[in-house]
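With compact mmCIF, C-alpha atoms and all ligand atoms inside, this is entry-v9.txt:
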# COMPACT_ATOMS: atom_id res chain seq x y z
CA MET S 1 -13.18 40.80 -46.92
CA LEU S 2 -13.60 37.57 -48.78
CA HIS S 3 -11.43 34.88 -47.39
CA THR S 4 -9.98 32.08 -49.47
CA PRO S 5 -10.61 28.71 -47.86
CA ARG S 6 -7.43 26.73 -47.23
CA PRO S 7 -7.14 23.26 -48.76
CA VAL S 8 -7.73 20.28 -46.52
CA GLU S 9 -5.09 17.54 -46.48
CA ILE S 10 -6.37 14.16 -45.31
CA VAL S 11 -3.93 12.01 -43.34
CA SER S 12 -5.00 8.44 -42.62
CA ALA S 13 -3.51 7.12 -39.40
CA ALA S 14 -3.94 3.36 -39.71
CA ILE S 15 -3.16 2.05 -36.26
CA GLY S 16 -5.16 -0.18 -33.93
CA GLU S 17 -2.39 -1.74 -31.87
CA GLY S 18 -2.78 0.99 -29.24
CA ALA S 19 -6.28 -0.25 -28.35
CA ARG S 20 -7.68 -3.48 -26.93
CA ASP S 21 -10.03 -3.76 -29.89
CA GLY S 22 -7.81 -2.96 -32.87
CA GLY S 23 -10.54 -2.58 -35.52
CA CYS S 24 -10.05 1.18 -35.66
CA LYS S 25 -6.89 0.45 -37.69
CA TYR S 26 -9.31 0.26 -40.62
CA GLY S 27 -11.24 3.37 -39.63
CA ALA S 28 -9.69 5.83 -42.06
CA SER S 29 -9.98 3.52 -45.09
CA ALA S 30 -13.60 2.79 -44.26
CA LEU S 31 -14.41 6.50 -43.92
CA LEU S 32 -12.79 7.27 -47.26
CA ALA S 33 -14.67 4.37 -48.88
CA ALA S 34 -17.87 5.76 -47.35
CA GLY S 35 -17.30 9.06 -49.20
CA LEU S 36 -15.68 11.38 -46.65
CA ALA S 37 -13.43 13.18 -49.17
CA GLN S 38 -16.34 13.60 -51.57
CA ALA S 39 -18.52 15.02 -48.81
CA LEU S 40 -15.83 17.57 -48.00
CA SER S 41 -15.48 18.66 -51.60
CA ASP S 42 -19.26 18.75 -52.04
CA SER S 43 -19.33 21.13 -49.10
CA GLY S 44 -17.09 23.50 -51.06
CA CYS S 45 -13.64 22.81 -49.73
CA GLU S 46 -10.62 21.95 -51.76
CA VAL S 47 -9.32 18.52 -50.77
CA GLY S 48 -5.60 18.15 -51.37
CA ALA S 49 -3.43 15.06 -51.56
CA ARG S 50 -4.07 12.12 -49.27
CA THR S 51 -1.40 10.58 -47.10
CA MET S 52 -1.57 7.25 -45.31
CA VAL S 53 0.65 6.06 -42.49
CA THR S 54 0.27 2.44 -41.37
CA SER S 55 1.56 0.73 -38.25
CA ASP S 56 3.69 -2.36 -38.79
CA PRO S 57 4.08 -4.72 -35.83
CA LEU S 58 6.30 -6.98 -37.97
CA GLN S 59 9.04 -4.34 -37.81
CA ALA S 60 8.70 -3.78 -34.05
CA THR S 61 9.85 -5.53 -30.90
CA ASP S 62 6.57 -5.18 -28.98
CA ARG S 63 3.34 -3.24 -28.76
CA MET S 64 4.82 0.00 -27.39
CA ASP S 65 7.55 -0.13 -30.02
CA THR S 66 4.86 -0.55 -32.72
CA VAL S 67 3.11 2.54 -31.42
CA ALA S 68 6.35 4.53 -31.10
CA ARG S 69 7.57 3.72 -34.61
CA PHE S 70 4.18 4.51 -36.07
CA ASN S 71 4.00 7.88 -34.30
CA GLN S 72 7.47 8.83 -35.44
CA ALA S 73 6.41 8.16 -39.04
CA LEU S 74 3.11 10.00 -38.57
CA ALA S 75 4.80 13.04 -37.01
CA GLU S 76 7.28 13.15 -39.90
CA ALA S 77 4.40 13.03 -42.40
CA VAL S 78 2.33 15.66 -40.60
CA ALA S 79 5.01 18.31 -39.95
CA PRO S 80 5.73 19.19 -43.61
CA LEU S 81 2.03 19.13 -44.48
CA ALA S 82 1.29 21.56 -41.65
CA LEU S 83 4.01 23.85 -43.00
CA THR S 84 2.16 24.24 -46.31
CA GLY S 85 -0.57 26.19 -44.53
CA ALA S 86 -3.23 23.59 -45.35
CA GLN S 87 -5.70 22.45 -42.72
CA LEU S 88 -5.06 18.87 -41.72
CA LEU S 89 -7.69 16.24 -41.15
CA VAL S 90 -6.16 13.24 -39.40
CA LEU S 91 -8.37 10.15 -39.43
CA GLY S 92 -7.61 7.47 -36.86
CA GLY S 93 -6.80 4.97 -35.88
CA ASP S 94 -6.81 4.52 -32.17
CA HIS S 95 -6.11 7.59 -30.05
CA SER S 96 -2.41 6.79 -29.62
CA CYS S 97 -2.00 8.43 -33.06
CA ALA S 98 -2.52 11.81 -31.39
CA VAL S 99 1.13 11.69 -30.33
CA GLY S 100 2.27 11.75 -33.96
CA SER S 101 -0.41 14.17 -35.20
CA TRP S 102 0.15 16.86 -32.59
CA SER S 103 3.91 16.40 -32.30
CA GLY S 104 4.10 16.99 -36.05
CA MET S 105 1.90 20.08 -35.82
CA ALA S 106 3.80 21.42 -32.80
CA GLN S 107 7.09 20.93 -34.64
CA ALA S 108 5.81 22.86 -37.69
CA LEU S 109 4.52 25.72 -35.53
CA ARG S 110 7.53 25.83 -33.21
CA PRO S 111 9.39 28.72 -34.92
CA HIS S 112 6.20 30.81 -34.64
CA GLY S 113 4.92 29.85 -31.21
CA ARG S 114 2.94 27.33 -29.25
CA LEU S 115 0.17 24.92 -30.18
CA GLY S 116 -3.20 24.93 -28.41
CA LEU S 117 -5.30 21.77 -28.23
CA ILE S 118 -8.89 20.91 -27.35
CA TRP S 119 -9.25 17.22 -26.50
CA VAL S 120 -12.83 15.91 -26.73
CA ASP S 121 -13.03 12.46 -25.15
CA ALA S 122 -14.88 10.24 -22.66
CA HIS S 123 -11.45 9.38 -21.23
CA LEU S 124 -8.49 11.37 -19.97
CA ASP S 125 -5.84 9.39 -21.91
CA ALA S 126 -3.19 10.71 -19.54
CA HIS S 127 -1.54 7.54 -18.27
CA THR S 128 2.13 6.74 -18.32
CA PRO S 129 3.28 3.12 -18.79
CA GLU S 130 3.80 3.06 -15.00
CA SER S 131 0.32 4.28 -14.05
CA SER S 132 -1.75 2.42 -16.67
CA GLU S 133 -3.69 -0.58 -15.41
CA SER S 134 -4.53 -1.80 -18.91
CA ASN S 135 -1.15 -1.03 -20.52
CA ALA S 136 -3.10 0.20 -23.52
CA PRO S 137 -1.14 2.91 -25.37
CA HIS S 138 -4.35 4.68 -26.49
CA GLY S 139 -4.83 5.60 -22.81
CA MET S 140 -1.45 7.46 -22.81
CA PRO S 141 -1.21 10.04 -25.62
CA LEU S 142 -2.00 13.16 -23.60
CA ALA S 143 0.60 12.37 -20.95
CA ALA S 144 3.14 11.88 -23.75
CA LEU S 145 2.25 15.19 -25.42
CA LEU S 146 2.64 16.92 -22.06
CA GLY S 147 6.11 15.33 -21.71
CA HIS S 148 5.33 12.41 -19.39
CA GLY S 149 5.84 8.72 -20.10
CA SER S 150 7.95 6.72 -22.49
CA ALA S 151 10.80 8.72 -24.09
CA ALA S 152 10.00 7.07 -27.43
CA LEU S 153 6.73 9.06 -27.40
CA THR S 154 7.72 12.23 -25.55
CA GLN S 155 10.97 12.95 -27.40
CA LEU S 156 9.87 13.04 -31.04
CA PHE S 157 11.97 15.61 -32.95
CA GLY S 158 14.32 15.67 -29.94
CA TRP S 159 12.20 17.84 -27.63
CA SER S 160 9.40 17.18 -25.19
CA GLY S 161 6.37 19.06 -23.92
CA LYS S 162 4.68 19.47 -27.32
CA ILE S 163 1.64 20.89 -25.54
CA ARG S 164 1.90 23.07 -22.46
CA PRO S 165 -0.66 22.42 -19.73
CA GLU S 166 -2.14 25.93 -20.09
CA ASN S 167 -2.70 25.34 -23.81
CA LEU S 168 -4.74 22.18 -23.30
CA ALA S 169 -8.38 21.63 -22.36
CA ILE S 170 -10.19 18.30 -22.12
CA ILE S 171 -13.96 18.18 -22.61
CA GLY S 172 -16.45 15.37 -21.96
CA ALA S 173 -14.42 13.11 -19.63
CA ARG S 174 -16.48 10.59 -17.66
CA SER S 175 -14.36 7.43 -17.42
CA TYR S 176 -10.86 7.58 -15.99
CA GLU S 177 -8.50 6.27 -13.32
CA SER S 178 -7.29 8.37 -10.42
CA ALA S 179 -3.58 8.34 -11.39
CA GLU S 180 -4.23 10.10 -14.69
CA ARG S 181 -6.56 12.61 -13.06
CA GLN S 182 -3.86 13.34 -10.48
CA LEU S 183 -1.22 13.91 -13.16
CA LEU S 184 -3.47 16.38 -14.99
CA GLU S 185 -4.39 18.16 -11.75
CA SER S 186 -0.75 18.44 -10.72
CA LEU S 187 0.01 20.06 -14.08
CA GLY S 188 -3.00 22.39 -13.89
CA VAL S 189 -4.70 21.13 -17.06
CA GLN S 190 -8.28 22.33 -17.49
CA VAL S 191 -10.75 19.43 -17.59
CA ILE S 192 -14.44 20.08 -18.27
CA TYR S 193 -16.06 16.85 -17.09
CA MET S 194 -19.22 15.49 -18.67
CA GLU S 195 -21.48 16.56 -15.77
CA GLU S 196 -20.55 20.15 -16.51
CA VAL S 197 -21.05 19.67 -20.27
CA ALA S 198 -24.53 18.24 -19.55
CA ARG S 199 -25.33 21.29 -17.43
CA ARG S 200 -23.93 24.05 -19.62
CA GLY S 201 -24.10 22.57 -23.11
CA PHE S 202 -21.13 21.54 -25.24
CA GLU S 203 -20.96 24.69 -27.36
CA ASP S 204 -20.53 26.91 -24.33
CA CYS S 205 -17.81 24.66 -22.87
CA PHE S 206 -16.06 24.47 -26.24
CA ALA S 207 -16.04 28.26 -26.62
CA GLN S 208 -14.55 28.66 -23.16
CA ALA S 209 -11.90 26.00 -23.84
CA ARG S 210 -11.08 27.57 -27.19
CA ALA S 211 -10.49 30.99 -25.66
CA ALA S 212 -8.25 29.46 -23.00
CA VAL S 213 -6.10 27.17 -25.14
CA THR S 214 -5.58 29.61 -27.99
CA ALA S 215 -4.37 32.52 -25.84
CA GLY S 216 -0.88 33.37 -27.06
CA CYS S 217 -0.73 30.41 -29.45
CA ALA S 218 0.51 30.36 -33.03
CA GLY S 219 -2.10 27.74 -33.93
CA TRP S 220 -4.53 25.30 -32.42
CA GLY S 221 -6.43 22.13 -33.14
CA VAL S 222 -9.09 19.71 -32.00
CA SER S 223 -8.58 16.03 -31.23
CA LEU S 224 -11.97 14.38 -31.23
CA ASP S 225 -12.31 10.87 -29.89
CA ILE S 226 -15.72 9.71 -31.05
CA ASP S 227 -16.22 7.91 -27.74
CA GLY S 228 -16.68 11.43 -26.31
CA LEU S 229 -20.01 11.46 -28.17
CA ASP S 230 -23.07 9.73 -26.85
CA PRO S 231 -22.99 6.05 -27.91
CA GLY S 232 -26.52 6.52 -29.26
CA ASP S 233 -25.04 8.87 -31.88
CA ALA S 234 -21.72 7.07 -32.50
CA PRO S 235 -21.90 3.44 -31.35
CA ALA S 236 -19.04 2.01 -33.45
CA THR S 237 -16.10 2.60 -31.15
CA GLY S 238 -13.96 0.30 -28.99
CA THR S 239 -14.51 1.85 -25.56
CA PRO S 240 -17.96 3.48 -25.54
CA VAL S 241 -19.16 5.25 -22.39
CA ALA S 242 -22.83 6.13 -21.78
CA HIS S 243 -24.21 9.67 -21.43
CA GLY S 244 -21.93 11.55 -23.82
CA ILE S 245 -21.97 14.64 -26.02
CA ALA S 246 -24.81 14.94 -28.55
CA LEU S 247 -23.63 14.79 -32.17
CA ALA S 248 -25.64 17.89 -33.08
CA GLU S 249 -23.93 19.91 -30.34
CA ALA S 250 -20.49 18.71 -31.41
CA MET S 251 -21.27 19.70 -35.00
CA ALA S 252 -22.45 23.16 -33.95
CA ALA S 253 -19.28 23.77 -31.95
CA LEU S 254 -17.07 22.65 -34.83
CA ARG S 255 -18.95 24.91 -37.25
CA SER S 256 -18.04 27.86 -35.06
CA CYS S 257 -14.36 27.25 -35.99
CA HIS S 258 -14.92 27.90 -39.65
CA GLY S 259 -12.59 30.48 -41.15
CA ASP S 260 -10.29 30.60 -38.12
CA PRO S 261 -6.88 31.11 -39.74
CA ARG S 262 -5.15 29.68 -36.68
CA LEU S 263 -6.99 26.33 -36.81
CA VAL S 264 -4.25 23.96 -38.03
CA GLY S 265 -5.97 20.65 -37.76
CA LEU S 266 -8.79 18.38 -36.76
CA GLU S 267 -8.23 14.79 -35.71
CA ILE S 268 -11.06 12.25 -35.45
CA VAL S 269 -10.16 8.92 -33.85
CA GLU S 270 -11.42 5.59 -32.48
CA TYR S 271 -13.94 4.94 -35.25
CA ASN S 272 -14.18 1.16 -35.57
CA PRO S 273 -15.84 0.10 -38.84
CA LEU S 274 -15.97 -3.54 -37.74
CA HIS S 275 -18.81 -2.56 -35.40
CA ASP S 276 -20.52 -0.11 -37.75
CA PHE S 277 -23.45 -2.18 -39.03
CA GLY S 278 -25.52 0.05 -41.29
CA GLY S 279 -22.94 2.86 -41.28
CA GLN S 280 -24.52 5.19 -38.70
CA THR S 281 -21.17 6.05 -37.10
CA ALA S 282 -19.43 6.61 -40.46
CA ARG S 283 -22.16 9.13 -41.30
CA ALA S 284 -21.66 10.81 -37.94
CA VAL S 285 -17.89 11.11 -38.47
CA ILE S 286 -18.35 12.49 -41.99
CA ALA S 287 -20.84 15.04 -40.64
CA LEU S 288 -18.29 16.12 -38.01
CA ALA S 289 -15.51 16.49 -40.57
CA VAL S 290 -17.75 18.58 -42.83
CA ALA S 291 -18.90 20.69 -39.86
CA GLY S 292 -15.31 21.43 -38.86
CA LEU S 293 -13.66 21.90 -42.23
CA GLY S 294 -16.35 22.25 -44.88
CA VAL S 295 -17.23 25.66 -46.22
CA PRO S 296 -20.61 26.89 -44.97
CA ALA S 297 -23.09 27.46 -47.80
CA THR S 298 -22.91 31.25 -47.71
CA ALA S 299 -19.10 31.41 -47.81
CA ALA S 300 -18.98 28.82 -50.61
CA SER S 301 -21.40 30.71 -52.83
CA ALA S 302 -19.60 34.01 -52.15
CA ALA S 303 -16.29 32.43 -53.19
CA LEU S 304 -17.93 31.09 -56.35
CA ALA S 305 -19.53 34.44 -57.17
CA ALA S 306 -16.17 36.17 -56.74
CA ARG S 307 -14.45 33.92 -59.28
CA PRO S 308 -13.62 35.58 -62.61
CA ALA S 309 -16.01 34.35 -65.33
N1 LIG V 401 -8.58 6.53 -26.34
C1 LIG V 401 -9.29 5.69 -25.60
N2 LIG V 401 -10.37 5.15 -26.05
N3 LIG V 401 -8.82 5.46 -24.38
C2 LIG V 401 -9.41 4.56 -23.45
C3 LIG V 401 -8.57 4.39 -22.23
C4 LIG V 401 -9.28 3.57 -21.19
C5 LIG V 401 -8.54 3.38 -19.89
N4 LIG V 401 -8.42 4.61 -19.16
C6 LIG V 401 -7.17 2.77 -20.13
O1 LIG V 401 -6.17 3.43 -19.93
O2 LIG V 401 -7.11 1.63 -20.55

Represent the structure contained in this file as structure tokens.
Amino acid sequence: MLHTPRPVEIVSAAIGEGARDGGCKYGASALLAAGLAQALSDSGCEVGARTMVTSDPLQATDRMDTVARFNQALAEAVAPLALTGAQLLVLGGDHSCAVGSWSGMAQALRPHGRLGLIWVDAHLDAHTPESSESNAPHGMPLAALLGHGSAALTQLFGWSGKIRPENLAIIGARSYESAERQLLESLGVQVIYMEEVARRGFEDCFAQARAAVTAGCAGWGVSLDIDGLDPGDAPATGTPVAHGIALAEAMAALRSCHGDPRLVGLEIVEYNPLHDFGGQTARAVIALAVAGLGVPATAASAALAARPA
């Protein structure tokens, strides 16, 4: 049966206050200026309206309040878009934006069931304000989505636990503190550390994670921190960590998601254009977005051929 590709809605999450190096606030605008939307439509997918949510420290009392207000606005923008049945592409922004992205998607799916999430990252991002040594909010989004940490992040839409531990898998971790590892272990979250990825290959790990997180879910998504990739393939990011996932392997895994009707969204974060001399990392991010959401050549030409003349 021929399947009609769903439109892709691009949501720009312009926040950098969650990171030490805030340049990723300009990540989404730089990616759009570098032709991301055009690359998606060239690959055969219908690109819908664009939404932009921007953090505003001038309206906030402090850094955490900036992040909380931003995520509330992002979640409120994402939830209705997810309800339209489009696939969402959220462009960060620092990784604290994941709270708003996935809270919004979880809220939209809630009447139908749970949300599964694959988190690709060099870090675990599972601190609470109490456990964090750096106090950086971009090291806290996973704890918040699991219902731990500041109520301003955990209680969006008046309920907490947007992701259940059994519906979450982290892949590529290689830089973390023991408190966040302990929290994840106590909750039983599956973490596939980078040593295992290096041994087995990313595609294999991704397939395993996908089967686990999507079991019994109404929908699922991928949150991809580009610092999960090898810095040789994606150097322009605030907290790079050596020996990461190869871009080509990440693209192959994302391509395997094509046509999955339960895939609700892809989020790509921590791209910092202020460090992207020559644009190598922008090209890598665009390639990842096209791999995950673009229409593979054969499906695109079949859809074209099936159109009435
Ligand atoms: N999304 C990121 N890049 N997170 C980096 C977090 C680094 C460190 N674990 C911290 O909490 O400060």

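Residue nearest ligand LIG 401 (chain V) within the list S:Val67, S:Leu224, S:Leu288, S:Ala234: S:Leu224 [criterion: smallest interatomic distance, only C-alpha atoms and all ligand atoms].
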
Within 8 Å of ligand LIG 401 (chain V), which residues of chain S come that close, and what is the closest atom pair and distance in Å for each? Count only C-alpha atoms and all ligand atoms and give it as a Markdown table.
| residue | atom | partner | partner_atom | distance |
| --- | --- | --- | --- | --- |
| S:Ala19 | CA | V:LIG401 | N2 | 7.2 |
| S:Asp94 | CA | V:LIG401 | N1 | 6.4 |
| S:His95 | CA | V:LIG401 | N1 | 4.6 |
| S:Ser96 | CA | V:LIG401 | N1 | 7.0 |
| S:Asp121 | CA | V:LIG401 | N1 | 7.5 |
| S:Ala122 | CA | V:LIG401 | N2 | 7.6 |
| S:His123 | CA | V:LIG401 | N3 | 5.7 |
| S:Leu124 | CA | V:LIG401 | N4 | 6.8 |
| S:Asp125 | CA | V:LIG401 | N3 | 5.5 |
| S:Ala126 | CA | V:LIG401 | O1 | 7.9 |
| S:His127 | CA | V:LIG401 | O1 | 6.4 |
| S:Ser132 | CA | V:LIG401 | O1 | 5.6 |
| S:Glu133 | CA | V:LIG401 | O1 | 6.5 |
| S:Ser134 | CA | V:LIG401 | O2 | 4.6 |
| S:Asn135 | CA | V:LIG401 | O2 | 6.5 |
| S:Ala136 | CA | V:LIG401 | O2 | 5.2 |
| S:Pro137 | CA | V:LIG401 | O1 | 7.4 |
| S:His138 | CA | V:LIG401 | N1 | 4.6 |
| S:Gly139 | CA | V:LIG401 | O1 | 3.8 |
| S:Met140 | CA | V:LIG401 | O1 | 6.8 |
| S:Ser175 | CA | V:LIG401 | N4 | 6.8 |
| S:Tyr176 | CA | V:LIG401 | N4 | 5.0 |
| S:Glu177 | CA | V:LIG401 | N4 | 6.1 |
| S:Asp225 | CA | V:LIG401 | N1 | 6.7 |
| S:Asp227 | CA | V:LIG401 | N2 | 6.7 |
| S:Gly238 | CA | V:LIG401 | N2 | 6.7 |
| S:Thr239 | CA | V:LIG401 | N2 | 5.3 |
| S:Pro240 | CA | V:LIG401 | N2 | 7.8 |
| S:Glu270 | CA | V:LIG401 | N2 | 6.5 |

Taking all atoms listed in the file into account, name the residue in S:Ile286, S:Arg255, S:Gly172, S:Ala143 that is nearest to S:Asp230. S:Gly172

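Separating atom CA of S:Gly232 from atom CA of S:Ala284 is a distance of 10.8 Å.
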
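Across S:Gln72, S:Gly292, S:Arg283, S:Ala28, the tightest approach to S:His258 is made by S:Gly292 when counting all atoms listed in the file.
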
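Closest approach to S:Gly113 among S:Leu187, S:Ile163, S:Ala173, S:Val53 is made by S:Ile163 (distances from all atoms listed in the file).
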